[in-house]
$ cat run.cif   # mmCIF, C-alpha atoms
data_upload
loop_
_atom_site.label_atom_id
_atom_site.label_comp_id
_atom_site.auth_asym_id
_atom_site.auth_seq_id
_atom_site.Cartn_x
_atom_site.Cartn_y
_atom_site.Cartn_z
CA MET O 1 0.00 0.00 0.00
CA THR O 2 1.10 3.58 -0.62
CA THR O 3 2.15 5.21 2.67
CA ALA O 4 0.50 8.34 4.08
CA PRO O 5 3.58 10.57 3.50
CA ASP O 6 3.78 9.34 -0.09
CA ILE O 7 0.11 10.17 -0.65
CA ALA O 8 0.49 13.61 0.92
CA ALA O 9 3.47 14.38 -1.32
CA THR O 10 1.63 13.19 -4.40
CA GLU O 11 -1.45 15.28 -3.53
CA ARG O 12 0.69 18.43 -3.62
CA GLU O 13 1.71 17.65 -7.18
CA ALA O 14 -0.44 18.12 -10.28
CA LEU O 15 -1.75 14.64 -11.08
CA ARG O 16 -2.50 13.76 -14.68
CA ASP O 17 -3.81 10.74 -16.55
CA ALA O 18 -4.99 10.04 -20.11
CA LEU O 19 -8.03 12.26 -19.52
CA GLY O 20 -5.95 15.25 -18.38
CA LEU O 21 -5.33 16.97 -15.06
CA LEU O 22 -7.16 15.63 -12.03
CA LYS O 23 -9.26 18.06 -10.03
CA ASP O 24 -8.48 18.80 -6.41
CA ARG O 25 -10.05 16.12 -4.24
CA GLU O 26 -11.38 18.55 -1.62
CA GLN O 27 -12.88 20.90 -4.22
CA VAL O 28 -14.67 18.01 -5.94
CA ALA O 29 -16.11 16.88 -2.61
CA GLU O 30 -17.16 20.42 -1.71
CA ARG O 31 -19.16 20.75 -4.93
CA LEU O 32 -20.76 17.36 -4.37
CA LEU O 33 -21.71 18.30 -0.82
CA GLU O 34 -23.34 21.49 -2.11
CA SER O 35 -25.27 19.50 -4.70
CA SER O 36 -26.36 17.06 -1.98
CA ARG O 37 -27.73 19.93 0.10
CA LYS O 38 -29.81 21.13 -2.84
CA HIS O 39 -30.88 17.87 -4.48
CA SER O 40 -31.46 15.13 -1.92
CA PHE O 41 -34.79 13.40 -1.36
CA ASP O 42 -36.67 11.51 1.32
CA PRO O 43 -38.47 8.75 -0.61
CA ASP O 44 -40.94 8.20 2.24
CA THR O 45 -42.38 11.69 1.78
CA GLU O 46 -41.41 12.40 -1.84
CA LEU O 47 -43.33 9.47 -3.34
CA ASP O 48 -47.01 8.50 -3.14
CA TRP O 49 -46.72 4.95 -1.87
CA ASP O 50 -50.47 4.47 -1.50
CA ALA O 51 -51.51 5.42 -5.04
CA PRO O 52 -53.06 2.43 -6.86
CA PHE O 53 -51.18 0.87 -9.75
CA GLU O 54 -52.61 1.31 -13.25
CA ASP O 55 -53.54 -1.92 -15.04
CA ASP O 56 -52.25 -0.77 -18.41
CA LYS O 57 -48.82 0.35 -17.14
CA TRP O 58 -45.53 -1.56 -16.99
CA PHE O 59 -43.19 -1.92 -14.02
CA TRP O 60 -40.18 -1.75 -16.36
CA PRO O 61 -39.85 -0.62 -19.99
CA PRO O 62 -40.55 -3.67 -22.17
CA GLU O 63 -37.41 -3.13 -24.28
CA LEU O 64 -35.32 -3.55 -21.10
CA VAL O 65 -36.99 -6.82 -20.06
CA SER O 66 -34.52 -9.67 -20.53
CA LEU O 67 -36.68 -11.77 -22.89
CA TYR O 68 -37.75 -8.89 -25.13
CA ASP O 69 -37.75 -9.78 -28.84
CA THR O 70 -36.97 -13.47 -28.25
CA PRO O 71 -39.11 -16.34 -29.64
CA LEU O 72 -40.41 -16.95 -26.12
CA TRP O 73 -41.40 -13.27 -25.75
CA ARG O 74 -43.37 -13.46 -28.98
CA ARG O 75 -45.33 -16.44 -27.64
CA MET O 76 -46.16 -14.72 -24.33
CA SER O 77 -49.40 -12.87 -23.75
CA GLN O 78 -49.25 -9.15 -23.00
CA GLU O 79 -50.37 -9.88 -19.45
CA GLN O 80 -47.55 -12.39 -18.96
CA ARG O 81 -45.01 -9.94 -20.41
CA LYS O 82 -46.11 -7.26 -17.95
CA ASP O 83 -45.95 -9.74 -15.09
CA LEU O 84 -42.40 -10.65 -16.09
CA ALA O 85 -41.51 -6.93 -16.12
CA ARG O 86 -42.91 -6.60 -12.59
CA HIS O 87 -40.80 -9.51 -11.34
CA GLU O 88 -37.68 -8.26 -13.15
CA ALA O 89 -38.14 -4.82 -11.57
CA ALA O 90 -38.15 -6.58 -8.18
CA SER O 91 -35.10 -8.62 -9.20
CA LEU O 92 -33.16 -5.49 -10.21
CA ALA O 93 -34.18 -3.70 -7.02
CA SER O 94 -32.97 -6.72 -5.02
CA LEU O 95 -29.67 -6.65 -6.92
CA GLY O 96 -29.43 -2.93 -6.18
CA ILE O 97 -29.84 -3.48 -2.44
CA TRP O 98 -27.21 -6.25 -2.43
CA PHE O 99 -24.80 -4.07 -4.30
CA GLU O 100 -25.41 -0.95 -2.20
CA VAL O 101 -24.77 -2.89 1.02
CA ILE O 102 -21.41 -3.93 -0.46
CA LEU O 103 -20.71 -0.36 -1.59
CA MET O 104 -21.39 1.07 1.86
CA GLN O 105 -18.85 -1.33 3.36
CA LEU O 106 -16.26 -0.38 0.73
CA LEU O 107 -16.80 3.34 1.37
CA VAL O 108 -16.39 2.92 5.12
CA ARG O 109 -13.13 1.04 4.48
CA HIS O 110 -11.96 3.80 2.14
CA ILE O 111 -12.40 6.60 4.68
CA TYR O 112 -11.18 4.68 7.73
CA ASP O 113 -7.66 6.15 7.56
CA LYS O 114 -8.59 9.48 5.91
CA PRO O 115 -8.85 12.87 7.72
CA LEU O 116 -12.28 12.65 9.31
CA THR O 117 -13.12 16.35 8.95
CA SER O 118 -12.15 16.56 5.27
CA ASN O 119 -14.72 17.29 2.57
CA HIS O 120 -13.74 13.99 0.95
CA VAL O 121 -14.76 12.00 4.03
CA ARG O 122 -17.84 14.15 4.67
CA TYR O 123 -19.06 13.44 1.16
CA ALA O 124 -18.42 9.68 1.54
CA LEU O 125 -20.59 9.74 4.67
CA THR O 126 -23.23 11.69 2.75
CA GLU O 127 -23.16 9.06 0.01
CA ILE O 128 -23.52 6.27 2.57
CA ALA O 129 -26.64 8.05 3.89
CA ASP O 130 -27.95 8.26 0.31
CA GLU O 131 -27.36 4.55 -0.20
CA CYS O 132 -29.18 3.71 3.03
CA ARG O 133 -32.24 5.60 1.75
CA HIS O 134 -31.95 3.97 -1.67
CA SER O 135 -31.84 0.48 -0.19
CA MET O 136 -34.90 1.15 1.95
CA MET O 137 -36.66 2.71 -1.06
CA PHE O 138 -35.95 -0.32 -3.24
CA ALA O 139 -37.14 -2.69 -0.51
CA ARG O 140 -40.35 -0.74 -0.12
CA MET O 141 -40.92 -0.75 -3.89
CA ILE O 142 -40.47 -4.53 -4.01
CA LYS O 143 -43.06 -5.05 -1.27
CA ARG O 144 -45.46 -2.52 -2.79
CA GLY O 145 -45.21 -4.19 -6.21
CA GLY O 146 -46.22 -7.57 -4.80
CA ALA O 147 -43.31 -9.57 -6.27
CA PRO O 148 -40.86 -11.38 -3.99
CA ALA O 149 -37.33 -10.22 -3.27
CA TYR O 150 -34.74 -12.00 -5.41
CA PRO O 151 -31.43 -12.48 -3.58
CA VAL O 152 -28.36 -13.40 -5.63
CA SER O 153 -27.19 -17.00 -5.53
CA ARG O 154 -25.37 -18.25 -2.44
CA LEU O 155 -22.24 -18.69 -4.56
CA HIS O 156 -22.25 -15.07 -5.73
CA HIS O 157 -23.22 -13.81 -2.30
CA ASN O 158 -20.16 -15.48 -0.80
CA LEU O 159 -17.92 -14.64 -3.76
CA ALA O 160 -18.79 -10.98 -3.26
CA ARG O 161 -17.85 -11.37 0.40
CA VAL O 162 -14.37 -12.43 -0.73
CA LEU O 163 -14.08 -9.76 -3.43
CA LYS O 164 -14.99 -6.90 -1.10
CA THR O 165 -12.58 -8.22 1.54
CA ILE O 166 -9.54 -8.43 -0.75
CA SER O 167 -10.48 -5.52 -3.01
CA THR O 168 -7.91 -2.82 -3.60
CA THR O 169 -9.05 0.80 -3.27
CA PRO O 170 -9.12 1.33 -7.04
CA GLY O 171 -10.85 -2.06 -7.35
CA SER O 172 -13.52 -0.86 -4.93
CA PHE O 173 -14.23 2.25 -6.98
CA THR O 174 -14.26 0.25 -10.23
CA ALA O 175 -16.84 -2.10 -8.70
CA THR O 176 -18.81 0.91 -7.49
CA LEU O 177 -19.07 2.25 -11.04
CA LEU O 178 -19.93 -1.19 -12.38
CA GLY O 179 -22.92 -1.41 -10.05
CA GLU O 180 -24.05 2.17 -10.57
CA GLU O 181 -23.60 3.07 -14.22
CA ILE O 182 -25.44 0.23 -16.00
CA LEU O 183 -28.49 0.49 -13.73
CA ASP O 184 -28.30 4.26 -14.04
CA TRP O 185 -28.46 4.00 -17.84
CA MET O 186 -31.58 1.82 -17.61
CA GLN O 187 -33.21 4.10 -15.06
CA ARG O 188 -32.59 7.16 -17.21
CA LEU O 189 -34.76 5.44 -19.82
CA THR O 190 -37.34 4.46 -17.22
CA PHE O 191 -38.25 7.59 -15.26
CA PRO O 192 -39.45 9.67 -18.26
CA ASP O 193 -41.32 6.68 -19.81
CA GLU O 194 -45.07 7.29 -19.49
CA ARG O 195 -45.77 3.59 -20.11
CA VAL O 196 -44.24 2.81 -16.70
CA GLN O 197 -46.01 2.86 -13.31
CA GLN O 198 -45.74 6.25 -11.61
CA LEU O 199 -44.17 4.83 -8.44
CA VAL O 200 -41.42 3.08 -10.40
CA ARG O 201 -40.75 6.28 -12.36
CA GLY O 202 -40.49 8.21 -9.08
CA VAL O 203 -38.09 5.70 -7.54
CA THR O 204 -35.84 5.70 -10.61
CA ARG O 205 -35.90 9.51 -10.84
CA ILE O 206 -34.65 9.89 -7.26
CA HIS O 207 -31.99 7.27 -7.81
CA VAL O 208 -30.73 8.83 -11.05
CA ILE O 209 -30.42 12.32 -9.54
CA GLU O 210 -28.56 11.18 -6.45
CA GLU O 211 -26.45 8.54 -8.21
CA ALA O 212 -25.04 11.18 -10.58
CA ARG O 213 -23.05 12.53 -7.60
CA HIS O 214 -21.91 9.05 -6.59
CA VAL O 215 -20.62 8.36 -10.10
CA ARG O 216 -18.70 11.66 -10.16
CA TYR O 217 -17.10 10.90 -6.78
CA ALA O 218 -16.12 7.36 -7.81
CA ARG O 219 -14.75 8.40 -11.22
CA GLU O 220 -12.59 11.17 -9.78
CA GLU O 221 -11.23 8.93 -7.04
CA LEU O 222 -10.61 5.99 -9.37
CA ARG O 223 -8.58 8.22 -11.70
CA ARG O 224 -6.50 9.39 -8.73
CA GLN O 225 -6.00 5.86 -7.46
CA MET O 226 -4.90 4.47 -10.83
CA VAL O 227 -2.29 7.24 -11.12
CA THR O 228 -0.89 6.86 -7.60
CA CYS O 229 -1.24 3.15 -6.74
CA PRO O 230 1.64 0.66 -7.07
CA ARG O 231 1.78 -1.49 -10.20
CA TRP O 232 0.73 -4.67 -8.36
CA GLU O 233 -2.40 -2.92 -7.10
CA ALA O 234 -3.34 -1.74 -10.58
CA GLU O 235 -2.87 -5.28 -11.93
CA LEU O 236 -4.98 -6.81 -9.16
CA THR O 237 -7.64 -4.17 -9.80
CA ARG O 238 -7.82 -5.18 -13.48
CA ILE O 239 -8.37 -8.84 -12.57
CA SER O 240 -10.82 -8.26 -9.70
CA SER O 241 -12.90 -5.79 -11.69
CA GLY O 242 -13.15 -8.26 -14.57
CA GLU O 243 -14.35 -10.96 -12.19
CA ALA O 244 -16.81 -8.48 -10.62
CA ALA O 245 -18.15 -7.71 -14.12
CA ARG O 246 -18.68 -11.42 -14.76
CA VAL O 247 -20.54 -11.94 -11.46
CA PHE O 248 -22.61 -8.78 -11.90
CA SER O 249 -23.73 -9.62 -15.44
CA ILE O 250 -24.80 -13.13 -14.40
CA SER O 251 -26.70 -11.74 -11.40
CA PHE O 252 -28.47 -9.06 -13.39
CA VAL O 253 -31.67 -11.07 -13.69
CA ASN O 254 -32.51 -13.89 -11.29
CA PRO O 255 -33.64 -16.98 -13.29
CA GLN O 256 -36.33 -17.64 -10.69
CA VAL O 257 -38.36 -14.77 -12.19
CA TYR O 258 -39.12 -16.94 -15.24
CA GLU O 259 -40.47 -19.81 -13.19
CA ASN O 260 -42.55 -17.42 -11.08
CA VAL O 261 -44.39 -16.15 -14.16
CA GLY O 262 -45.04 -19.64 -15.51
CA LEU O 263 -42.15 -20.01 -17.96
CA ASP O 264 -39.66 -22.83 -18.38
CA LYS O 265 -36.61 -21.50 -16.57
CA ARG O 266 -34.05 -23.41 -18.62
CA GLU O 267 -35.57 -22.35 -21.94
CA ALA O 268 -35.84 -18.72 -20.83
CA VAL O 269 -32.22 -18.54 -19.67
CA ALA O 270 -31.02 -20.09 -22.94
CA GLN O 271 -32.98 -17.58 -25.01
CA VAL O 272 -31.69 -14.62 -23.00
CA LYS O 273 -28.11 -15.83 -23.54
CA ALA O 274 -28.76 -16.15 -27.30
CA SER O 275 -30.55 -12.80 -27.59
CA GLY O 276 -28.77 -10.24 -29.73
CA HIS O 277 -31.11 -7.55 -28.40
CA ARG O 278 -30.21 -8.36 -24.79
CA ARG O 279 -26.49 -8.39 -25.57
CA GLU O 280 -26.83 -4.98 -27.24
CA ILE O 281 -28.78 -3.58 -24.27
CA MET O 282 -26.15 -4.71 -21.77
CA GLN O 283 -23.20 -3.50 -23.83
CA THR O 284 -24.89 -0.18 -24.59
CA GLY O 285 -25.67 0.28 -20.90
CA ALA O 286 -22.05 -0.44 -20.01
CA LYS O 287 -20.41 1.50 -22.86
CA ARG O 288 -19.95 4.83 -21.10
CA LEU O 289 -18.28 2.95 -18.22
CA THR O 290 -16.13 0.65 -20.34
CA ASP O 291 -14.94 3.57 -22.48
CA PHE O 292 -13.91 5.40 -19.31
CA LEU O 293 -12.18 2.37 -17.80
CA ASP O 294 -10.36 1.72 -21.05
CA GLU O 295 -9.06 5.30 -21.17
CA ILE O 296 -7.67 5.22 -17.63
CA GLY O 297 -5.98 1.83 -18.03
CA VAL O 298 -8.28 -0.59 -16.20
CA LEU O 299 -9.30 -2.74 -19.19
CA ARG O 300 -6.00 -4.45 -19.93
CA GLY O 301 -4.60 -7.97 -20.03
CA ALA O 302 -6.45 -10.87 -18.44
CA GLY O 303 -8.91 -8.46 -16.81
CA ARG O 304 -10.09 -7.28 -20.23
CA LYS O 305 -10.77 -10.89 -21.26
CA LEU O 306 -12.98 -11.29 -18.18
CA TRP O 307 -14.90 -8.14 -19.14
CA VAL O 308 -15.44 -9.57 -22.63
CA SER O 309 -16.58 -12.92 -21.19
CA SER O 310 -19.06 -11.07 -18.98
CA GLY O 311 -20.87 -9.85 -22.10
CA LEU O 312 -20.54 -6.21 -21.05
CA LEU O 313 -17.66 -5.44 -23.41
CA ALA O 314 -17.55 -6.22 -27.12
CA LYS O 315 -14.39 -7.89 -28.40
#

$ encode --input "run.cif" --output "structure tokens"
Amino acid sequence: MTTAPDIAATEREALRDALGLLKDREQVAERLLESSRKHSFDPDTELDWDAPFEDDKWFWPPELVSLYDTPLWRRMSQEQRKDLARHEAASLASLGIWFEVILMQLLVRHIYDKPLTSNHVRYALTEIADECRHSMMFARMIKRGGAPAYPVSRLHHNLARVLKTISTTPGSFTATLLGEEILDWMQRLTFPDERVQQLVRGVTRIHVIEEARHVRYAREELRRQMVTCPRWEAELTRISSGEAARVFSISFVNPQVYENVGLDKREAVAQVKASGHRREIMQTGAKRLTDFLDEIGVLRGAGRKLWVSSGLLAK
């Protein structure tokens, strides 16, 4: 690990990467804190949780449903398609909670040895508070929608326990962006979509607005970490982030959703894997992130091959 004196000396220098000069860490955090004061929400009071759902509305845009435009989708009734969208919305919200619990632990680890009165630490604590509200909001949306929660598999649950324990600091921020940016892309399509239930649009709107700050914080810190960390740490980050991408892409939709809406689970999973539309959706959702990671040197070597195998990065 880089020592505290080394970090302090580096911070006094002008840091630069392939994207240009890095901004001052404290100034970035100060702007994010100001934005948080102006644009933070309490989902319990901001959203109308008691409003009835509309029968003709979706819980998720149909084009973002995993089976969209597959042979199985074309055989399904409109009612069954909408029911699948409702279950997939619950599955994605469950994935979001799992990921945010991991993220909160990684943020606490990050600030443990940082100056506790700094803007950088104050913003991390602000983000943790945001993530607490988001997790409670997602849980409430799942219950209100009437679908079950969909935890990730035991294997991935325990694999994530290992990954977050051994993760480097740059690896933690890469994983943070992995969990935030793809869902953010989908939610940016969801909250303005008038075909979607008003509650779901409200939940995604709050998440998009507040996550924009989280993405900025993680991107700025990841750039700094990749410039200042030792070579071994950068190499481990490339491998661990590729493995995280593989786990995340597999966990994106829980196969149990298919069985719960009356579909053959094995057939549905096979058709999702073969779907060109689904592959395009996932790669398009990840493109802004993968372009950024490529520019700052994360997508190299064996780690890049793992990203390709995850389906989130085209060859």

$ resolve_selection --input "run.cif" --expression "the PyMOL selection byres ((chain O and resi 21-25) around 9)" --output "list in words"
Glu11, Ala14, Leu15, Arg16, Asp17, Ala18, Leu19, Gly20, Glu26, Gln27, Val28, Ala29, Glu30, Asn119, His120, Glu220, Glu221, Arg223 and Arg224 of chain O

$ atom_distance --input "run.cif" --atom1 "CA of Thr228 in chain O" --atom2 "CA of Ile296 in chain O"
12.2 Å

$ atom_distance --input "run.cif" --atom1 "CA of Phe191 in chain O" --atom2 "CA of Glu100 in chain O"
20.2 Å

$ closest_residue --input "run.cif" --among "O:Arg279, O:Pro43, O:Arg238, O:Lys315" --to "Leu299 in chain O" --atoms "all atoms listed in the file"
O:Arg238

$ residues_around --input "run.cif" --residues "Leu163 in chain O" --least-positions-apart "2" --cutoff "12 Å" --atoms "all atoms listed in the file" --output "list of chain:residue names"
O:Ile102, O:Leu103, O:Gln105, O:Leu106, O:His156, O:His157, O:Asn158, O:Leu159, O:Ala160, O:Arg161, O:Thr165, O:Ile166, O:Ser167, O:Thr168, O:Thr169, O:Gly171, O:Ser172, O:Ala175, O:Leu236, O:Thr237, O:Ile239, O:Ser240, O:Ser241, O:Gly242, O:Glu243, O:Ala244, O:Ala245, O:Val247

$ closest_residue --input "run.cif" --among "O:Leu64, O:Lys287, O:Ala147, O:Leu222" --to "Gln187 in chain O" --atoms "only C-alpha atoms"
O:Leu64

$ residues_near_point --input "run.cif" --point "(-38.3, 6.8, -15.6)" --cutoff "10 Å" --atoms "only C-alpha atoms" --output "PyMOL selection string"
chain O and resi 60-61+186-206+208

$ build_atoms --input "run.cif" --residues "range 19-33 of chain O" --atoms "N, CA, C and O atoms" --output "short mmCIF file (atom, residue, chain, number, x, y, z; two decimals), in the coordinates of the input"
data_model
loop_
_atom_site.label_atom_id
_atom_site.label_comp_id
_atom_site.auth_asym_id
_atom_site.auth_seq_id
_atom_site.Cartn_x
_atom_site.Cartn_y
_atom_site.Cartn_z
N LEU O 19 -6.91 11.31 -19.36
CA LEU O 19 -8.03 12.26 -19.52
C LEU O 19 -7.64 13.69 -19.18
O LEU O 19 -8.46 14.60 -19.30
N GLY O 20 -6.41 13.90 -18.70
CA GLY O 20 -5.95 15.25 -18.38
C GLY O 20 -5.66 15.42 -16.90
O GLY O 20 -5.50 14.44 -16.16
N LEU O 21 -5.60 16.67 -16.47
CA LEU O 21 -5.33 16.97 -15.06
C LEU O 21 -6.48 16.53 -14.17
O LEU O 21 -7.65 16.70 -14.52
N LEU O 22 -6.12 15.98 -13.01
CA LEU O 22 -7.16 15.63 -12.03
C LEU O 22 -7.52 16.86 -11.21
O LEU O 22 -6.66 17.68 -10.89
N LYS O 23 -8.80 16.95 -10.85
CA LYS O 23 -9.26 18.06 -10.03
C LYS O 23 -8.89 17.83 -8.57
O LYS O 23 -8.70 16.69 -8.14
N ASP O 24 -8.78 18.90 -7.83
CA ASP O 24 -8.48 18.80 -6.41
C ASP O 24 -9.56 18.00 -5.69
O ASP O 24 -10.75 18.27 -5.84
N ARG O 25 -9.12 17.03 -4.91
CA ARG O 25 -10.05 16.12 -4.24
C ARG O 25 -11.03 16.87 -3.32
O ARG O 25 -12.23 16.59 -3.31
N GLU O 26 -10.53 17.82 -2.56
CA GLU O 26 -11.38 18.55 -1.62
C GLU O 26 -12.38 19.46 -2.35
O GLU O 26 -13.52 19.60 -1.93
N GLN O 27 -11.96 20.04 -3.47
CA GLN O 27 -12.88 20.90 -4.22
C GLN O 27 -13.98 20.08 -4.88
O GLN O 27 -15.14 20.51 -4.91
N VAL O 28 -13.64 18.91 -5.38
CA VAL O 28 -14.67 18.01 -5.94
C VAL O 28 -15.69 17.66 -4.87
O VAL O 28 -16.91 17.75 -5.08
N ALA O 29 -15.21 17.26 -3.70
CA ALA O 29 -16.11 16.88 -2.61
C ALA O 29 -16.97 18.05 -2.15
O ALA O 29 -18.16 17.87 -1.84
N GLU O 30 -16.40 19.24 -2.14
CA GLU O 30 -17.16 20.42 -1.71
C GLU O 30 -18.33 20.68 -2.66
O GLU O 30 -19.45 20.96 -2.23
N ARG O 31 -18.08 20.55 -3.97
CA ARG O 31 -19.16 20.75 -4.93
C ARG O 31 -20.23 19.67 -4.80
O ARG O 31 -21.43 19.95 -4.93
N LEU O 32 -19.80 18.45 -4.54
CA LEU O 32 -20.76 17.36 -4.37
C LEU O 32 -21.59 17.53 -3.10
O LEU O 32 -22.78 17.22 -3.08
N LEU O 33 -20.97 18.02 -2.05
CA LEU O 33 -21.71 18.30 -0.82
C LEU O 33 -22.76 19.38 -1.05
O LEU O 33 -23.89 19.29 -0.54
#
